[in-house]
Structure formats: structure tokens, C-alpha cells
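Structure file query_28.txt with compact mmCIF, C-alpha atoms and all ligand atoms:
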# COMPACT_ATOMS: atom_id res chain seq x y z
CA MET A 1 113.96 96.20 79.50
CA ARG A 2 112.51 94.57 82.58
CA ARG A 3 114.19 95.88 85.72
CA PRO A 4 114.99 92.99 88.08
CA ILE A 5 113.35 92.79 91.49
CA ILE A 6 114.76 91.32 94.67
CA ALA A 7 111.95 91.05 97.21
CA GLY A 8 112.05 89.79 100.80
CA ASN A 9 108.97 88.27 102.41
CA HIS A 10 109.51 88.34 106.17
CA LYS A 11 106.30 86.39 106.89
CA MET A 12 105.52 86.29 110.66
CA ASN A 13 109.15 86.85 111.65
CA LEU A 14 111.16 89.65 113.27
CA LEU A 15 109.89 91.85 116.09
CA PRO A 16 109.61 95.55 115.17
CA SER A 17 112.86 96.18 117.04
CA GLU A 18 114.54 93.37 115.07
CA SER A 19 113.15 94.77 111.81
CA ILE A 20 114.81 98.10 112.59
CA GLU A 21 118.14 96.36 113.20
CA PHE A 22 117.66 94.49 109.93
CA ILE A 23 116.97 97.64 107.90
CA ASN A 24 119.78 99.66 109.48
CA SER A 25 122.23 96.93 108.72
CA LEU A 26 120.87 96.42 105.18
CA LEU A 27 121.13 100.14 104.41
CA ASN A 28 124.76 100.03 105.54
CA SER A 29 125.56 97.14 103.23
CA ILE A 30 123.94 98.23 99.95
CA ASP A 31 124.49 101.22 97.65
CA MET A 32 121.91 103.73 96.50
CA ASP A 33 122.34 102.65 92.89
CA GLU A 34 121.88 98.89 93.19
CA LYS A 35 120.60 97.43 89.94
CA PRO A 36 117.49 95.59 91.16
CA GLU A 37 114.40 97.16 92.59
CA ILE A 38 114.35 96.18 96.27
CA ILE A 39 111.09 95.42 98.06
CA ILE A 40 110.53 94.25 101.62
CA PHE A 41 107.29 92.79 102.90
CA PRO A 42 107.56 93.00 106.71
CA SER A 43 104.84 91.97 109.17
CA TYR A 44 102.11 94.59 109.69
CA ALA A 45 103.65 95.34 113.09
CA SER A 46 106.89 96.55 111.49
CA ILE A 47 105.54 98.40 108.43
CA ALA A 48 105.35 101.92 109.90
CA LYS A 49 108.84 101.72 111.39
CA LEU A 50 110.37 100.41 108.16
CA LEU A 51 108.60 103.06 106.09
CA ASP A 52 110.13 105.67 108.32
CA LYS A 53 113.63 104.23 107.87
CA THR A 54 113.39 103.74 104.10
CA LYS A 55 111.87 107.12 103.18
CA LYS A 56 114.72 108.51 101.11
CA THR A 57 116.18 105.20 100.03
CA GLN A 58 115.69 102.89 97.04
CA ILE A 59 113.84 100.32 99.18
CA SER A 60 110.06 99.98 98.82
CA ILE A 61 107.83 98.48 101.46
CA GLY A 62 104.82 96.24 100.90
CA ALA A 63 102.10 94.53 102.92
CA GLN A 64 101.95 90.73 102.97
CA ASN A 65 98.16 90.75 102.64
CA ILE A 66 95.06 92.94 102.71
CA TYR A 67 91.34 92.29 102.97
CA TYR A 68 89.32 93.30 99.92
CA GLN A 69 86.45 95.07 101.71
CA GLU A 70 86.88 98.82 102.12
CA GLN A 71 85.95 99.03 105.79
CA GLY A 72 83.60 97.62 108.40
CA ALA A 73 83.13 94.83 110.89
CA TYR A 74 86.00 92.55 109.83
CA THR A 75 87.87 92.02 113.06
CA GLY A 76 91.56 91.41 112.56
CA GLU A 77 91.64 92.48 108.92
CA VAL A 78 93.45 95.40 107.27
CA SER A 79 92.17 97.19 104.14
CA ALA A 80 94.12 98.27 101.06
CA ASP A 81 93.56 101.97 101.75
CA MET A 82 94.93 101.53 105.28
CA VAL A 83 98.27 100.24 104.01
CA LYS A 84 98.22 102.85 101.23
CA ASP A 85 97.68 105.60 103.81
CA LEU A 86 100.64 104.27 105.82
CA GLY A 87 102.83 104.67 102.73
CA CYS A 88 103.13 101.12 101.39
CA GLU A 89 103.73 100.73 97.68
CA TRP A 90 103.17 96.99 97.18
CA VAL A 91 100.84 94.21 98.35
CA LEU A 92 101.51 90.49 98.13
CA CYS A 93 98.39 88.68 96.87
CA GLY A 94 97.69 84.97 97.06
CA HIS A 95 100.85 83.73 98.74
CA SER A 96 100.65 79.94 99.07
CA GLU A 97 100.64 80.19 102.88
CA ARG A 98 97.53 82.40 102.66
CA ARG A 99 95.96 79.84 100.33
CA ASP A 100 96.92 76.77 102.40
CA ILE A 101 96.62 77.93 105.99
CA PHE A 102 93.96 80.63 105.65
CA LEU A 103 92.04 78.93 102.84
CA GLU A 104 92.18 81.84 100.40
CA ASN A 105 90.93 80.95 96.96
CA ASP A 106 91.47 82.47 93.51
CA GLU A 107 88.17 84.41 93.67
CA GLN A 108 89.30 86.13 96.86
CA VAL A 109 92.74 86.76 95.39
CA ASN A 110 90.99 88.40 92.42
CA LEU A 111 88.99 90.68 94.76
CA LYS A 112 92.19 91.55 96.64
CA ILE A 113 94.02 92.48 93.43
CA LYS A 114 91.07 94.71 92.48
CA ALA A 115 91.18 96.45 95.88
CA VAL A 116 94.95 96.87 95.59
CA ILE A 117 94.67 98.48 92.14
CA LYS A 118 91.75 100.69 93.18
CA ASN A 119 93.98 102.12 95.89
CA ASN A 120 96.90 102.77 93.56
CA LEU A 121 99.01 100.06 95.14
CA LYS A 122 101.07 97.56 93.15
CA PRO A 123 100.03 93.89 93.32
CA MET A 124 102.52 91.04 93.44
CA LEU A 125 100.50 87.92 92.60
CA CYS A 126 101.88 84.57 93.81
CA ILE A 127 101.01 81.39 91.94
CA GLY A 128 102.51 77.92 92.08
CA GLU A 129 101.82 74.20 92.07
CA LYS A 130 102.03 71.68 94.88
CA LEU A 131 104.04 68.48 94.63
CA ASN A 132 100.99 66.37 93.79
CA HIS A 133 100.11 68.64 90.85
CA ARG A 134 103.67 68.35 89.64
CA ASN A 135 103.78 64.59 90.00
CA ASN A 136 100.44 64.26 88.19
CA GLY A 137 101.55 66.50 85.31
CA GLU A 138 98.98 69.14 86.28
CA THR A 139 101.31 72.10 86.80
CA GLU A 140 100.44 73.97 83.60
CA ASP A 141 96.68 73.52 84.04
CA LEU A 142 96.85 74.73 87.60
CA LEU A 143 98.95 77.79 86.78
CA THR A 144 96.61 78.63 83.90
CA SER A 145 93.57 78.48 86.12
CA GLN A 146 95.29 80.50 88.88
CA LEU A 147 96.18 83.18 86.31
CA TYR A 148 92.76 83.30 84.66
CA CYS A 149 90.81 83.40 87.94
CA SER A 150 93.06 85.86 89.76
CA LEU A 151 93.16 88.33 86.87
CA LYS A 152 89.51 87.95 85.79
CA GLY A 153 87.82 91.20 84.79
CA LEU A 154 91.01 93.25 84.91
CA SER A 155 92.23 95.26 81.93
CA GLU A 156 95.87 95.31 80.95
CA GLU A 157 95.96 99.08 81.57
CA SER A 158 94.87 98.52 85.17
CA LEU A 159 97.56 95.84 85.56
CA GLU A 160 100.51 97.94 84.41
CA ASN A 161 102.24 97.50 87.79
CA LEU A 162 101.42 93.82 88.23
CA VAL A 163 104.30 91.53 89.12
CA ILE A 164 103.85 87.75 89.20
CA ALA A 165 105.85 85.52 91.53
CA TYR A 166 105.99 81.89 90.45
CA GLU A 167 106.55 79.91 93.63
CA PRO A 168 106.32 76.12 93.43
CA VAL A 169 104.85 75.26 96.82
CA TRP A 170 107.15 72.22 97.22
CA ALA A 171 110.14 74.58 97.03
CA ILE A 172 109.00 77.08 99.67
CA GLY A 173 110.94 76.81 102.90
CA THR A 174 112.11 73.30 102.03
CA GLY A 175 115.61 73.95 100.73
CA LYS A 176 114.52 72.30 97.45
CA THR A 177 114.89 74.86 94.68
CA ALA A 178 113.53 74.32 91.19
CA THR A 179 116.44 73.92 88.78
CA PRO A 180 117.12 77.13 86.85
CA GLU A 181 116.00 75.36 83.65
CA ASP A 182 112.74 74.18 85.23
CA ALA A 183 112.03 77.61 86.69
CA GLN A 184 112.83 79.25 83.34
CA ASN A 185 110.55 76.86 81.42
CA THR A 186 107.64 77.36 83.77
CA ILE A 187 108.04 81.13 83.85
CA LYS A 188 108.25 81.17 80.07
CA PHE A 189 105.02 79.15 80.03
CA ILE A 190 103.37 81.76 82.30
CA ARG A 191 104.55 84.60 80.04
CA THR A 192 103.22 82.83 76.96
CA LYS A 193 99.92 82.03 78.67
CA LEU A 194 99.46 85.73 79.42
CA THR A 195 99.32 86.39 75.67
CA ASP A 196 96.01 84.46 75.62
CA ILE A 197 94.51 87.16 77.82
CA PHE A 198 96.60 90.27 77.09
CA SER A 199 98.71 91.78 74.33
CA ASP A 200 102.20 90.53 73.43
CA LYS A 201 103.54 93.89 74.55
CA PHE A 202 102.05 93.43 78.01
CA SER A 203 103.28 89.84 78.32
CA ASN A 204 106.79 90.81 77.29
CA ALA A 205 106.92 93.73 79.69
CA ILE A 206 105.52 92.06 82.82
CA ARG A 207 108.06 91.05 85.43
CA ILE A 208 107.85 87.45 86.61
CA LEU A 209 109.85 86.38 89.66
CA TYR A 210 110.85 82.97 90.95
CA GLY A 211 110.41 82.09 94.63
CA GLY A 212 111.17 78.96 96.66
CA SER A 213 114.38 78.41 98.64
CA VAL A 214 116.33 81.14 96.85
CA LYS A 215 119.67 81.62 98.63
CA PRO A 216 122.82 83.66 98.01
CA ASN A 217 124.45 80.57 96.48
CA ASN A 218 121.74 79.83 93.90
CA VAL A 219 120.35 83.28 93.07
CA ALA A 220 122.79 84.14 90.27
CA GLU A 221 122.01 81.11 88.12
CA LEU A 222 118.27 81.66 88.54
CA MET A 223 118.59 85.35 87.67
CA ALA A 224 120.64 84.47 84.59
CA GLN A 225 117.59 82.82 82.98
CA LYS A 226 116.00 84.78 80.17
CA ASP A 227 112.47 84.99 81.55
CA ILE A 228 113.25 85.20 85.27
CA ASP A 229 113.08 88.85 86.32
CA GLY A 230 113.76 88.52 90.01
CA ALA A 231 113.24 86.57 93.18
CA LEU A 232 110.80 86.54 96.08
CA ILE A 233 112.72 85.30 99.09
CA GLY A 234 111.54 84.13 102.50
CA GLY A 235 114.10 82.50 104.80
CA ALA A 236 117.22 84.01 103.24
CA SER A 237 115.73 87.53 103.42
CA LEU A 238 115.57 87.60 107.21
CA LYS A 239 119.24 88.41 107.82
CA ALA A 240 120.58 91.67 106.40
CA ASP A 241 123.91 90.19 105.27
CA SER A 242 122.20 87.38 103.39
CA PHE A 243 119.62 89.72 101.83
CA ALA A 244 122.38 92.16 100.81
CA LYS A 245 124.14 89.28 99.01
CA LEU A 246 120.90 88.51 97.16
CA VAL A 247 120.56 92.17 96.13
CA LYS A 248 124.14 92.04 94.83
CA TYR A 249 123.57 88.76 92.98
CA ASN A 250 125.45 89.92 89.90
CA GLU A 251 128.66 91.06 91.62
P1 LIG A 301 111.57 80.66 101.05
O1 LIG A 301 110.12 81.39 100.93
O2 LIG A 301 112.55 81.54 100.33
O3 LIG A 301 111.83 80.57 102.51
O4 LIG A 301 111.42 79.34 100.39
C1 LIG A 301 109.71 81.98 99.73
C2 LIG A 301 108.34 82.57 99.90
O5 LIG A 301 107.50 82.02 100.63
O6 LIG A 301 108.01 83.61 99.29

As C-alpha cells - that is how I would like this structure written.
Amino acid sequence: MRRPIIAGNHKMNLLPSESIEFINSLLNSIDMDEKPEIIIFPSYASIAKLLDKTKKTQISIGAQNIYYQEQGAYTGEVSADMVKDLGCEWVLCGHSERRDIFLENDEQVNLKIKAVIKNNLKPMLCIGEKLNHRNNGETEDLLTSQLYCSLKGLSEESLENLVIAYEPVWAIGTGKTATPEDAQNTIKFIRTKLTDIFSDKFSNAIRILYGGSVKPNNVAELMAQKDIDGALIGGASLKADSFAKLVKYNE
């Protein structure tokens, strides 16, 4: 059985003091035995404070990015072992905003995943097509190439903790969600494609999330799809009451 994941990506939002308010209020509104695994990706500035607050809870904390080099003269960058040493469990790799605004490519995403694994962190790989790919019928080719390049040279043993987030770029922050059927079909395609590289066992066990304008009012029908194992949520994860509703999607 694949345990569902509800993950919040706070992007460059919430001051550390606001993140503390968020987590206090979230902890008051959820139970210890919630069904999904809960992950929050706060800004670097809030990570230490949130780790402190979530120590004996079911919430895991992740970094939104790392740089793949181990150390050195890389002003402004943060390494995988730095976030590991802080106590992070997860790292988001290849989010579309990193790709679009900071010009990250699949080769760099591949190096980041390798650094994440080397440091015993868990990678959450984001892939997804833009509107022009979709309109030109190129979605499947693009997703295939993102998968192949990002996971190049990695064994299935080393990827046991990998989670993939399928996020159509046209749906991120736009209020336009993929229909549950569309999201299901594409995620099923990704799962099937993984069998070209890895075993059937691996492809069946890997958790694949949907992301892109997930809200409390559409999460349940997305989560009801056979191959959708969770959601990566931006905007609707910023308020504790809204995120708590997402965590409780099946109530
Ligand atoms: P959104 O963001 O939920 O605001 O669309 C999703 C994401 O970027 O991961």
C-alpha cells in the first residue's frame, strides 16, 4: 500500500514568526494519527524554527532546494549536508519555478537528486509540462525526458525514498486544476514509463503526487484517483486552516 502524502510548499512566503503561528495553529487542528504523511517545505529562514516545533509530531520538514556541490565558494547556496545537519528529511528537486526563474535544467536536477541521496535525505522530484507542450501534444515526450534525465545513473535501491510530484506548469498558482481524470491518466503514464527504467515492483510502490491549484474543495476527487498518491500544494498550504482541511481530505 502506498501511504498518501499531503505536502505544503511555502515558496518565498511567511516570515519565520508567521511560520511559527502557522505550525502552532496546524498542530492544534490535526490529530497525531492522521492518515497521510504530512510534509512542509518552508523557506530556509523558517526551517530551524519549524524543526524545533515539529520534533515529536508526525510532520516532516523539507528544504525547497539545495545546491549539489558539497561545499565551497558558492555564495548564496545551501548544500544537502547542511539541511541534513539541521534535521530536514526531504528536499524538493526541480520545482518548475526553479526551472523557469533560476534556469535549472534536468542535468542539474539529476546532480541535486544524487547529492540528496548521498546525504540520506529523501528527494521529491517535480516534473510537468507547460501549456505549449500540452497544446502541441508533447506532454508525454517531455515527461519521459524529464524522468530519464533526472534519474540518470541512479539505481532503484538508491531511489527507495523517491517521490515524484507531477505538476502541470499551467496549473501552478493559476486556479486551473487538471481534471481528476487528466491527472490520473498522466500519473498512470508516469508510473508505466518508470517500468522502462526500473522493476514493476518499484514502479508500483513509488508514490506519485499531483500538484497545481489543489484546494480543499478539489483535493478529495483528485485523491480518489487510483494512481494519485497525494498532493503538493502551494497557495492553499499557507494558511493552517486550509492546510488542515487538505490533510483531512477524506473526512
Ligand atoms: P499551487 O502551487 O498549489 O499554488 O498551484 C503548487 C506548487 O507550486 O507546488

> Can I get the residues close to ligand LIG 301 (chain A) as a PyMOL selection string, where close means within 10 Å and we count all atoms listed in the file?
Replying inline: chain A and resi 7-11+41+92+95-97+126+165-177+210-215+231-238

The selected residues should be written to file as a PDB file, in the coordinates of the input (atoms: C-alpha atoms).
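Output contents, as saved in part.pdb:
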ATOM      1  CA  ALA A   7     111.950  91.050  97.210  1.00  0.00           C
ATOM      2  CA  GLY A   8     112.050  89.790 100.800  1.00  0.00           C
ATOM      3  CA  ASN A   9     108.970  88.270 102.410  1.00  0.00           C
ATOM      4  CA  HIS A  10     109.510  88.340 106.170  1.00  0.00           C
ATOM      5  CA  LYS A  11     106.300  86.390 106.890  1.00  0.00           C
ATOM      6  CA  PHE A  41     107.290  92.790 102.900  1.00  0.00           C
ATOM      7  CA  LEU A  92     101.510  90.490  98.130  1.00  0.00           C
ATOM      8  CA  HIS A  95     100.850  83.730  98.740  1.00  0.00           C
ATOM      9  CA  SER A  96     100.650  79.940  99.070  1.00  0.00           C
ATOM     10  CA  GLU A  97     100.640  80.190 102.880  1.00  0.00           C
ATOM     11  CA  CYS A 126     101.880  84.570  93.810  1.00  0.00           C
ATOM     12  CA  ALA A 165     105.850  85.520  91.530  1.00  0.00           C
ATOM     13  CA  TYR A 166     105.990  81.890  90.450  1.00  0.00           C
ATOM     14  CA  GLU A 167     106.550  79.910  93.630  1.00  0.00           C
ATOM     15  CA  PRO A 168     106.320  76.120  93.430  1.00  0.00           C
ATOM     16  CA  VAL A 169     104.850  75.260  96.820  1.00  0.00           C
ATOM     17  CA  TRP A 170     107.150  72.220  97.220  1.00  0.00           C
ATOM     18  CA  ALA A 171     110.140  74.580  97.030  1.00  0.00           C
ATOM     19  CA  ILE A 172     109.000  77.080  99.670  1.00  0.00           C
ATOM     20  CA  GLY A 173     110.940  76.810 102.900  1.00  0.00           C
ATOM     21  CA  THR A 174     112.110  73.300 102.030  1.00  0.00           C
ATOM     22  CA  GLY A 175     115.610  73.950 100.730  1.00  0.00           C
ATOM     23  CA  LYS A 176     114.520  72.300  97.450  1.00  0.00           C
ATOM     24  CA  THR A 177     114.890  74.860  94.680  1.00  0.00           C
ATOM     25  CA  TYR A 210     110.850  82.970  90.950  1.00  0.00           C
ATOM     26  CA  GLY A 211     110.410  82.090  94.630  1.00  0.00           C
ATOM     27  CA  GLY A 212     111.170  78.960  96.660  1.00  0.00           C
ATOM     28  CA  SER A 213     114.380  78.410  98.640  1.00  0.00           C
ATOM     29  CA  VAL A 214     116.330  81.140  96.850  1.00  0.00           C
ATOM     30  CA  LYS A 215     119.670  81.620  98.630  1.00  0.00           C
ATOM     31  CA  ALA A 231     113.240  86.570  93.180  1.00  0.00           C
ATOM     32  CA  LEU A 232     110.800  86.540  96.080  1.00  0.00           C
ATOM     33  CA  ILE A 233     112.720  85.300  99.090  1.00  0.00           C
ATOM     34  CA  GLY A 234     111.540  84.130 102.500  1.00  0.00           C
ATOM     35  CA  GLY A 235     114.100  82.500 104.800  1.00  0.00           C
ATOM     36  CA  ALA A 236     117.220  84.010 103.240  1.00  0.00           C
ATOM     37  CA  SER A 237     115.730  87.530 103.420  1.00  0.00           C
ATOM     38  CA  LEU A 238     115.570  87.600 107.210  1.00  0.00           C
TER      39      LEU A 238
END

> With only C-alpha atoms as the atoms that count, which of A:Ala115, A:Tyr74, A:Thr179, A:Tyr67 lies nearest to Arg98 of chain A?
Replying inline: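 Checking each of A:Ala115, A:Tyr74, A:Thr179, A:Tyr67 against Arg98 of chain A, counting only C-alpha atoms, the winner is A:Tyr67.
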
> For Ile228 of chain A, which residue among A:Asn132, A:Glu18, A:Ile6, A:Ile117 is the nearest when counting all atoms listed in the file?
Replying inline: A:Ile6

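Rounded to one decimal, atom CA of Glu37 of chain A and atom CA of Pro4 of chain A lie 6.2 Å from each other.
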
> With all atoms listed in the file as the atoms that count, which of A:Leu131, A:Leu15, A:Leu222, A:Val116 lies nearest to Leu159 of chain A?
Replying inline: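 Closest to Leu159 of chain A of all the choices is A:Val116.
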
>> Between atom CA of Ile5 of chain A and atom CA of Gln64 of chain A, what distance in Å does the model show, to one decimal?
In response: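 Straight-line distance from atom CA of Ile5 of chain A to atom CA of Gln64 of chain A works out to 16.3 Å.
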
>> Considering all atoms listed in the file, can you say which of A:Lys49, A:Lys122, A:Lys130, A:Lys152 comes closest to Ile197 of chain A?
In response: A:Lys152

>> So, with only C-alpha atoms as the atoms that count, which of A:Asp52, A:Asp106, A:Glu160, A:Glu129 lies closest to Tyr148 of chain A?
In response: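 Looking at the shortest contact to Tyr148 of chain A, the residue is A:Asp106.
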
With all atoms of segment 188-195 of chain A from the file as input, state the centre and edge lengths in Å to one decimal of the axis-aligned box that has 3 Å extra on each side, as AutoDock Vina command-line options.
--center_x 103.8 --center_y 82.8 --center_z 79.0 --size_x 14.9 --size_y 13.2 --size_z 12.6

> Got a sec: who's within 10 Å of Pro16 of chain A, counting all atoms listed in the file, leaving out chain neighbours fewer than 4 positions off, as a PyMOL selection string?
Replying inline: chain A and resi 20-22+42-50

> Can you tell me, as a VMD selection string, which residues sit within 9 Å of (92.6, 100.3, 102.2) in the file's frame, using all atoms listed in the file?
Replying inline: chain A and resid 66 to 71 78 to 85 115 to 116 119

File of the preceding selection, C-alpha atoms, as a PDB file, keeping the file's coordinate frame:
ATOM      1  CA  ILE A  66      95.060  92.940 102.710  1.00  0.00           C
ATOM      2  CA  TYR A  67      91.340  92.290 102.970  1.00  0.00           C
ATOM      3  CA  TYR A  68      89.320  93.300  99.920  1.00  0.00           C
ATOM      4  CA  GLN A  69      86.450  95.070 101.710  1.00  0.00           C
ATOM      5  CA  GLU A  70      86.880  98.820 102.120  1.00  0.00           C
ATOM      6  CA  GLN A  71      85.950  99.030 105.790  1.00  0.00           C
ATOM      7  CA  VAL A  78      93.450  95.400 107.270  1.00  0.00           C
ATOM      8  CA  SER A  79      92.170  97.190 104.140  1.00  0.00           C
ATOM      9  CA  ALA A  80      94.120  98.270 101.060  1.00  0.00           C
ATOM     10  CA  ASP A  81      93.560 101.970 101.750  1.00  0.00           C
ATOM     11  CA  MET A  82      94.930 101.530 105.280  1.00  0.00           C
ATOM     12  CA  VAL A  83      98.270 100.240 104.010  1.00  0.00           C
ATOM     13  CA  LYS A  84      98.220 102.850 101.230  1.00  0.00           C
ATOM     14  CA  ASP A  85      97.680 105.600 103.810  1.00  0.00           C
ATOM     15  CA  ALA A 115      91.180  96.450  95.880  1.00  0.00           C
ATOM     16  CA  VAL A 116      94.950  96.870  95.590  1.00  0.00           C
ATOM     17  CA  ASN A 119      93.980 102.120  95.890  1.00  0.00           C
TER      18      ASN A 119
END

All heavy atoms restored at segment 48-59 of chain A, emitted as a JSON list (two decimals), keeping the file's coordinate frame:
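Output below, filename result_17.json:
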[["chain", "number", "residue", "atom", "x", "y", "z"],
["A", 48, "ALA", "N", 105.20, 100.46, 109.69],
["A", 48, "ALA", "CA", 105.35, 101.92, 109.90],
["A", 48, "ALA", "C", 106.81, 102.26, 110.20],
["A", 48, "ALA", "O", 107.36, 103.23, 109.65],
["A", 48, "ALA", "CB", 104.44, 102.38, 111.03],
["A", 49, "LYS", "N", 107.44, 101.45, 111.03],
["A", 49, "LYS", "CA", 108.84, 101.72, 111.39],
["A", 49, "LYS", "C", 109.75, 101.60, 110.16],
["A", 49, "LYS", "O", 110.65, 102.40, 109.96],
["A", 49, "LYS", "CB", 109.31, 100.76, 112.48],
["A", 49, "LYS", "CG", 108.71, 101.10, 113.83],
["A", 49, "LYS", "CD", 109.45, 100.38, 114.95],
["A", 49, "LYS", "CE", 109.29, 101.06, 116.29],
["A", 49, "LYS", "NZ", 107.95, 101.04, 116.85],
["A", 50, "LEU", "N", 109.51, 100.59, 109.35],
["A", 50, "LEU", "CA", 110.37, 100.41, 108.16],
["A", 50, "LEU", "C", 110.12, 101.50, 107.12],
["A", 50, "LEU", "O", 111.05, 101.94, 106.44],
["A", 50, "LEU", "CB", 110.17, 99.03, 107.54],
["A", 50, "LEU", "CG", 110.73, 97.86, 108.35],
["A", 50, "LEU", "CD1", 111.00, 96.67, 107.45],
["A", 50, "LEU", "CD2", 111.99, 98.22, 109.10],
["A", 51, "LEU", "N", 108.88, 101.95, 107.02],
["A", 51, "LEU", "CA", 108.60, 103.06, 106.09],
["A", 51, "LEU", "C", 109.37, 104.30, 106.50],
["A", 51, "LEU", "O", 109.91, 105.02, 105.67],
["A", 51, "LEU", "CB", 107.10, 103.35, 106.06],
["A", 51, "LEU", "CG", 106.28, 102.40, 105.17],
["A", 51, "LEU", "CD1", 104.80, 102.52, 105.48],
["A", 51, "LEU", "CD2", 106.54, 102.68, 103.69],
["A", 52, "ASP", "N", 109.40, 104.52, 107.78],
["A", 52, "ASP", "CA", 110.13, 105.67, 108.32],
["A", 52, "ASP", "C", 111.62, 105.61, 107.96],
["A", 52, "ASP", "O", 112.21, 106.57, 107.52],
["A", 52, "ASP", "CB", 109.95, 105.58, 109.85],
["A", 52, "ASP", "CG", 110.07, 106.95, 110.46],
["A", 52, "ASP", "OD1", 109.58, 107.89, 109.82],
["A", 52, "ASP", "OD2", 110.67, 107.05, 111.55],
["A", 53, "LYS", "N", 112.18, 104.42, 108.12],
["A", 53, "LYS", "CA", 113.63, 104.23, 107.87],
["A", 53, "LYS", "C", 114.00, 104.23, 106.40],
["A", 53, "LYS", "O", 115.15, 104.43, 106.04],
["A", 53, "LYS", "CB", 114.07, 102.87, 108.45],
["A", 53, "LYS", "CG", 114.08, 102.82, 109.95],
["A", 53, "LYS", "CD", 115.39, 103.34, 110.45],
["A", 53, "LYS", "CE", 115.38, 103.44, 111.95],
["A", 53, "LYS", "NZ", 116.56, 104.13, 112.47],
["A", 54, "THR", "N", 113.04, 103.91, 105.52],
["A", 54, "THR", "CA", 113.39, 103.74, 104.10],
["A", 54, "THR", "C", 112.94, 104.92, 103.24],
["A", 54, "THR", "O", 113.02, 104.86, 102.01],
["A", 54, "THR", "CB", 112.76, 102.45, 103.53],
["A", 54, "THR", "OG1", 111.36, 102.45, 103.83],
["A", 54, "THR", "CG2", 113.37, 101.21, 104.13],
["A", 55, "LYS", "N", 112.46, 105.99, 103.91],
["A", 55, "LYS", "CA", 111.87, 107.12, 103.18],
["A", 55, "LYS", "C", 112.71, 107.61, 102.00],
["A", 55, "LYS", "O", 112.23, 107.67, 100.89],
["A", 55, "LYS", "CB", 111.63, 108.28, 104.16],
["A", 55, "LYS", "CG", 110.21, 108.76, 104.14],
["A", 55, "LYS", "CD", 109.96, 109.81, 105.21],
["A", 55, "LYS", "CE", 108.88, 109.34, 106.18],
["A", 55, "LYS", "NZ", 108.91, 110.04, 107.44],
["A", 56, "LYS", "N", 113.95, 107.96, 102.23],
["A", 56, "LYS", "CA", 114.72, 108.51, 101.11],
["A", 56, "LYS", "C", 115.71, 107.49, 100.56],
["A", 56, "LYS", "O", 116.82, 107.82, 100.15],
["A", 56, "LYS", "CB", 115.45, 109.77, 101.57],
["A", 56, "LYS", "CG", 114.47, 110.92, 101.77],
["A", 56, "LYS", "CD", 115.14, 112.27, 101.81],
["A", 56, "LYS", "CE", 114.13, 113.37, 102.00],
["A", 56, "LYS", "NZ", 113.95, 113.80, 103.39],
["A", 57, "THR", "N", 115.29, 106.25, 100.53],
["A", 57, "THR", "CA", 116.18, 105.20, 100.03],
["A", 57, "THR", "C", 115.54, 104.55, 98.81],
["A", 57, "THR", "O", 114.41, 104.88, 98.45],
["A", 57, "THR", "CB", 116.40, 104.10, 101.09],
["A", 57, "THR", "OG1", 115.20, 103.33, 101.19],
["A", 57, "THR", "CG2", 116.74, 104.68, 102.46],
["A", 58, "GLN", "N", 116.23, 103.58, 98.23],
["A", 58, "GLN", "CA", 115.69, 102.89, 97.04],
["A", 58, "GLN", "C", 114.85, 101.68, 97.44],
["A", 58, "GLN", "O", 114.45, 100.91, 96.58],
["A", 58, "GLN", "CB", 116.85, 102.47, 96.11],
["A", 58, "GLN", "CG", 117.68, 101.30, 96.56],
["A", 58, "GLN", "CD", 118.73, 101.66, 97.61],
["A", 58, "GLN", "OE1", 118.45, 102.36, 98.59],
["A", 58, "GLN", "NE2", 119.94, 101.16, 97.41],
["A", 59, "ILE", "N", 114.59, 101.50, 98.74],
["A", 59, "ILE", "CA", 113.84, 100.32, 99.18],
["A", 59, "ILE", "C", 112.35, 100.65, 99.28],
["A", 59, "ILE", "O", 111.97, 101.66, 99.88],
["A", 59, "ILE", "CB", 114.37, 99.84, 100.55],
["A", 59, "ILE", "CG1", 115.84, 99.44, 100.42],
["A", 59, "ILE", "CG2", 113.53, 98.69, 101.10],
["A", 59, "ILE", "CD1", 116.50, 99.08, 101.72]]
